[in-house]
Amino acid sequence: MDTSGLRVAAALANWNGARYLERCLTALRQQTHSLEQIVVVDNGSTDGSDLWLESQPDVTLIRHTHNTGYCHGYNRAIEATKAPFVLTLNTDAYLEEHFVGACLEAVVEAPSCAAATGRFFEEATNQHISGGFWLRRLIRMCPMPAEEDVREVFGVTGAAALFRREALDAARIEGQVFDESYFSYGEDIDLAWRLQILGWHSMYVPTARAHHVGSGSLDGALRFFDKPVFFQRQALRNRYLTLMKNASLLDSLQLVPAMLIGELLLWPLLFLRQPWRFPALLKTPVELLVRLPGVWRWRREIQRRRSPEAGSVHRWLRGW
C-alpha cells in the first residue's frame with residue numbers, strides 16, 4: 001500500500017532530556033517517511049534542554065514552567081499537531097529510519113487499527129523486546145517477546161508508537177487522551193484498554209526498530225525499587241485507577257481476586273525492602289480516594305461507549 005502521501009506528526013514531552021534530545025531528533029529527521037511537524041512540550045526542564053530545543057528551527061516548542069506530568073505533556077503535544085497520524089515518542093528513544101513508514105503501513109492496512117509499534121533494543125535491560133504488550137493480572141505491562149512476525153497486541157508502549165488520530169479522538173474523555181490524574185506510569189495500559197473497549201486494536205511490527213534507553217528522565221531507574229518514592233506511588237496507585245475505569249463485570253471477577261492476593265503479598269514486601277519509604281507509600285490510598293469522583297465519571301463514559309464487539313481482557317492476560 002502506498003503511504004507516501006500520508007501526513008504524520010511527532011509529539012514528544014521532555015523533562016531534563018538534554019543528553020538524549022540531539023540523537024532522538026536526528027533519528028526523527030532521518031525517517032524515510034518524513035514528518036510534517038515535530039512538537040515538543042518541555043515540562044519545566046532545568047538542564048538547558050529547553051534552550052536547545054528553542055534553537056531547533058523545525059521544532060514547535062511548548063514550554064511549561066514546571067513538570068505537569070507525562071500525561072499532560074503528551075496531551076498538549078498531541079493537541080498541537082494537525083496530521084491524521086501521530087507518533088508519540090520518548091526523548092530517550094532513537095528510531096531506525098524505517099520505523100515510521102513500517103508502523104504507518106500496519107495502521108493503514110486495517111481501518112480498526114488504532115496504533116502500531118515495533119521492536120526495541122532496551123538499553124536498561126540489554127534485551128530486545130517488543131513495544132507491544134500483554135496485560136498482567138496485577139495490571140502491569142507484560143512485554144511481548146521480540147518476535148519476527150507481525151501480530152496483534154493488547155497495547156503499545158508510549159516509548160515509541162504511531163497512532164491514528166481518529167482513534168485518539170474517539171478515546172478522549174473530558175478532552176484528554178491520557179488521563180492526567182495519573183501524572184505518569186500506567187497511562188499506556190489505560191489507553192490500550194480503553195481503545196480495546198471502543199473496538200480498536202493495535203499491532204506489533206518487527207521491521208519497525210528502535211533503541212530505547214529506558215527511564216531516561218530518571219537516569220535509567222527502570223526497576224520499581226530504584227525509582228523515587230513519588231513515582232513508586234504513581235505506579236501503585238494508577239493500577240487501581242485503570243482497573244476501576246475499564247474492567248467489565250466479567251473482567252472484575254477475574255482480576256479483583258488476583259489483585260487482592262497480590263496486594264496482601266506486595267505491601268509486606270514493600271515494608272521489608274524499603275521500610276524508610278513505607279510511610280510515604282501509605283499516601284497511595286489517600287491519593288486514590290481523592291481521585292475516585294473523577295474515576296467514576298470516566299468509568300461511566302467509557303462503559304457507555306463500549307463497543308458491542310469488545311470482549312473480555314482474558315485473552316490478553318499473561319502472568320502476574
# chains A, B, ... in the order shown; residues from 1 in each chain; ligands from 1

$ residues_around --residues "Arg300 (chain A)" --least-positions-apart "3" --cutoff "12 Å" --atoms "only C-alpha atoms" --output "list in words"
Ile173, Glu174, Met244, Lys245, Asn246, Ala247, Ser248, Pro293, Gly294, Val295, Trp296, Arg297, Gln303, Arg304, Arg305 and Arg306 of chain A

$ write_last_selection --atoms "C-alpha atoms" --output "PDB file, in the first residue's frame"
ATOM      1  CA  ILE A 173     -12.573  11.545  27.865  1.00  0.00           C
ATOM      2  CA  GLU A 174     -13.122  15.085  29.141  1.00  0.00           C
ATOM      3  CA  MET A 244     -11.802   0.678  38.148  1.00  0.00           C
ATOM      4  CA  LYS A 245     -12.325   2.653  34.942  1.00  0.00           C
ATOM      5  CA  ASN A 246     -12.070  -0.120  32.384  1.00  0.00           C
ATOM      6  CA  ALA A 247     -12.959  -3.537  33.815  1.00  0.00           C
ATOM      7  CA  SER A 248     -16.308  -5.049  32.897  1.00  0.00           C
ATOM      8  CA  PRO A 293     -15.078  11.046  41.738  1.00  0.00           C
ATOM      9  CA  GLY A 294     -13.108  11.504  38.523  1.00  0.00           C
ATOM     10  CA  VAL A 295     -12.622   7.758  38.171  1.00  0.00           C
ATOM     11  CA  TRP A 296     -16.374   7.117  38.291  1.00  0.00           C
ATOM     12  CA  ARG A 297     -17.071   9.872  35.766  1.00  0.00           C
ATOM     13  CA  GLN A 303     -18.668   1.907  29.607  1.00  0.00           C
ATOM     14  CA  ARG A 304     -21.341   3.970  27.822  1.00  0.00           C
ATOM     15  CA  ARG A 305     -19.163   3.922  24.701  1.00  0.00           C
ATOM     16  CA  ARG A 306     -18.312   0.222  24.960  1.00  0.00           C
TER      17      ARG A 306
END

$ residues_around --residues "region 187-196 of chain A" --least-positions-apart "2" --cutoff "9 Å" --atoms "only C-alpha atoms" --output "PyMOL selection string"
chain A and resi 70-71+114+133+135+139-141+154-158+167-168+170-171+177-180+182-185+198-202+238-239+241-243+245-247+302+306-307+310-311+313

$ write_last_selection --atoms "C-alpha atoms" --output "mmCIF file, in the first residue's frame"
data_model
loop_
_atom_site.group_PDB
_atom_site.id
_atom_site.type_symbol
_atom_site.label_atom_id
_atom_site.label_comp_id
_atom_site.auth_asym_id
_atom_site.auth_seq_id
_atom_site.Cartn_x
_atom_site.Cartn_y
_atom_site.Cartn_z
ATOM 1 C CA TYR A 70 3.879 12.800 31.330
ATOM 2 C CA CYS A 71 0.154 12.641 30.568
ATOM 3 C CA ALA A 114 -5.525 2.397 16.276
ATOM 4 C CA PHE A 133 2.480 -5.766 25.372
ATOM 5 C CA LEU A 135 -1.590 -7.447 30.427
ATOM 6 C CA ILE A 139 -2.473 -4.534 35.943
ATOM 7 C CA ARG A 140 1.107 -4.246 34.845
ATOM 8 C CA MET A 141 2.605 -4.383 31.408
ATOM 9 C CA PHE A 154 -3.171 -5.654 23.751
ATOM 10 C CA GLY A 155 -1.468 -2.279 23.592
ATOM 11 C CA VAL A 156 1.608 -0.300 22.588
ATOM 12 C CA THR A 157 4.194 1.323 24.803
ATOM 13 C CA GLY A 158 4.341 5.085 24.967
ATOM 14 C CA ALA A 167 -8.734 6.565 17.315
ATOM 15 C CA LEU A 168 -7.179 9.027 19.780
ATOM 16 C CA ALA A 170 -12.561 8.624 19.827
ATOM 17 C CA ALA A 171 -10.775 7.673 23.061
ATOM 18 C CA VAL A 177 -6.222 11.183 25.547
ATOM 19 C CA PHE A 178 -4.032 10.251 28.521
ATOM 20 C CA ASP A 179 -5.726 10.569 31.906
ATOM 21 C CA GLU A 180 -3.929 13.481 33.537
ATOM 22 C CA TYR A 182 -2.129 9.636 36.500
ATOM 23 C CA PHE A 183 0.744 12.153 36.117
ATOM 24 C CA SER A 184 2.867 9.260 34.784
ATOM 25 C CA TYR A 185 3.127 5.448 34.806
ATOM 26 C CA LEU A 198 -14.070 1.086 21.909
ATOM 27 C CA GLY A 199 -13.423 -1.604 19.287
ATOM 28 C CA TRP A 200 -9.916 -0.633 18.144
ATOM 29 C CA HIS A 201 -6.834 -2.864 18.036
ATOM 30 C CA SER A 202 -3.051 -2.398 17.989
ATOM 31 C CA ASN A 238 -2.558 4.012 38.758
ATOM 32 C CA ARG A 239 -3.090 0.247 38.577
ATOM 33 C CA LEU A 241 -7.430 3.616 38.570
ATOM 34 C CA THR A 242 -7.019 1.601 35.385
ATOM 35 C CA LEU A 243 -8.917 -1.379 36.769
ATOM 36 C CA LYS A 245 -12.325 2.653 34.942
ATOM 37 C CA ASN A 246 -12.070 -0.120 32.384
ATOM 38 C CA ALA A 247 -12.959 -3.537 33.815
ATOM 39 C CA ILE A 302 -16.067 4.586 28.918
ATOM 40 C CA ARG A 306 -18.312 0.222 24.960
ATOM 41 C CA SER A 307 -18.408 -1.461 21.565
ATOM 42 C CA ALA A 310 -15.455 -5.594 22.795
ATOM 43 C CA GLY A 311 -14.799 -8.783 24.716
ATOM 44 C CA VAL A 313 -9.390 -8.921 28.508
#

$ select_by_dssp --residues "region 169-270 of chain A" --states "strand (DSSP E)" --output "list in words"
His201, Ser202, Met203, Tyr204, Val205, Pro206, Thr207, Ala208, Arg209, Ala210, His211 and His212 of chain A

$ closest_residue --among "A:Thr60, A:His212, A:Asp92, A:Glu36" --to "Trp15 (chain A)" --atoms "only C-alpha atoms"
A:Asp92

$ closest_atom_pairs --of "region 140-185 of chain A" --to "region 101-113 of chain A" --cutoff "8 Å" --atoms "only C-alpha atoms" --output "CSV"
residue,atom,partner,partner_atom,distance
A:Ala161,CA,A:Cys103,CA,7.9
A:Leu162,CA,A:Cys103,CA,6.3
A:Phe163,CA,A:Val107,CA,7.7
A:Arg164,CA,A:Val107,CA,7.2

$ closest_residue --among "A:His211, A:Arg291, A:Arg29, A:Arg63" --to "Thr125 (chain A)" --atoms "only C-alpha atoms"
A:His211

$ residues_around --residues "Thr88 (chain A)" --least-positions-apart "2" --cutoff "9 Å" --atoms "only C-alpha atoms" --output "MDAnalysis selection string"
chainID A and resid 9:13 74 77:78 86 90 158:163

$ select_by_dssp --residues "region 66-104 of chain A" --states "helix (DSSP H, G or I)" --output "JSON, numbers by chain"
{"A": [70, 71, 72, 73, 74, 75, 76, 77, 78, 79, 99, 100, 101, 102, 103, 104]}

$ decode --residues "region 65-119 of chain A" --atoms "C-alpha atoms" --output "mmCIF file, in the first residue's frame"
data_model
loop_
_atom_site.group_PDB
_atom_site.id
_atom_site.type_symbol
_atom_site.label_atom_id
_atom_site.label_comp_id
_atom_site.auth_asym_id
_atom_site.auth_seq_id
_atom_site.Cartn_x
_atom_site.Cartn_y
_atom_site.Cartn_z
ATOM 1 C CA THR A 65 7.150 26.421 33.954
ATOM 2 C CA HIS A 66 7.115 23.173 35.970
ATOM 3 C CA ASN A 67 6.695 19.441 35.455
ATOM 4 C CA THR A 68 2.982 18.940 34.796
ATOM 5 C CA GLY A 69 3.456 15.209 34.205
ATOM 6 C CA TYR A 70 3.879 12.800 31.330
ATOM 7 C CA CYS A 71 0.154 12.641 30.568
ATOM 8 C CA HIS A 72 -0.492 16.380 30.457
ATOM 9 C CA GLY A 73 2.682 16.965 28.463
ATOM 10 C CA TYR A 74 1.793 14.426 25.792
ATOM 11 C CA ASN A 75 -1.821 15.583 25.647
ATOM 12 C CA ARG A 76 -0.672 19.112 24.873
ATOM 13 C CA ALA A 77 1.829 17.873 22.294
ATOM 14 C CA ILE A 78 -0.818 15.751 20.540
ATOM 15 C CA GLU A 79 -3.289 18.647 20.549
ATOM 16 C CA ALA A 80 -0.717 20.887 18.869
ATOM 17 C CA THR A 81 -0.321 18.515 15.909
ATOM 18 C CA LYS A 82 -2.643 18.509 12.915
ATOM 19 C CA ALA A 83 -1.699 15.381 10.933
ATOM 20 C CA PRO A 84 -4.058 12.361 10.743
ATOM 21 C CA PHE A 85 -1.298 10.129 12.194
ATOM 22 C CA VAL A 86 0.664 10.953 15.351
ATOM 23 C CA LEU A 87 3.929 9.438 16.545
ATOM 24 C CA THR A 88 4.323 9.589 20.331
ATOM 25 C CA LEU A 89 7.968 9.312 21.279
ATOM 26 C CA ASN A 90 10.088 9.415 24.403
ATOM 27 C CA THR A 91 13.177 11.563 24.165
ATOM 28 C CA ASP A 92 15.387 8.584 25.108
ATOM 29 C CA ALA A 93 14.136 6.525 22.142
ATOM 30 C CA TYR A 94 16.075 6.534 18.865
ATOM 31 C CA LEU A 95 14.222 5.252 15.820
ATOM 32 C CA GLU A 96 15.768 3.413 12.909
ATOM 33 C CA GLU A 97 14.948 5.097 9.610
ATOM 34 C CA HIS A 98 12.040 2.845 8.564
ATOM 35 C CA PHE A 99 10.191 2.950 11.912
ATOM 36 C CA VAL A 100 7.511 5.463 10.960
ATOM 37 C CA GLY A 101 6.958 4.006 7.499
ATOM 38 C CA ALA A 102 6.618 0.418 8.747
ATOM 39 C CA CYS A 103 4.175 1.377 11.515
ATOM 40 C CA LEU A 104 2.166 3.548 9.150
ATOM 41 C CA GLU A 105 1.665 0.670 6.703
ATOM 42 C CA ALA A 106 0.328 -1.532 9.516
ATOM 43 C CA VAL A 107 -2.092 1.100 10.804
ATOM 44 C CA VAL A 108 -3.434 1.998 7.363
ATOM 45 C CA GLU A 109 -3.932 -1.636 6.356
ATOM 46 C CA ALA A 110 -6.867 -2.121 8.754
ATOM 47 C CA PRO A 111 -9.474 0.610 9.402
ATOM 48 C CA SER A 112 -9.874 -0.584 13.010
ATOM 49 C CA CYS A 113 -6.138 -0.403 13.787
ATOM 50 C CA ALA A 114 -5.525 2.397 16.276
ATOM 51 C CA ALA A 115 -1.775 2.073 16.759
ATOM 52 C CA ALA A 116 1.413 0.236 15.882
ATOM 53 C CA THR A 117 4.819 -0.094 17.467
ATOM 54 C CA GLY A 118 7.986 -2.050 16.805
ATOM 55 C CA ARG A 119 10.918 -3.987 18.164
#
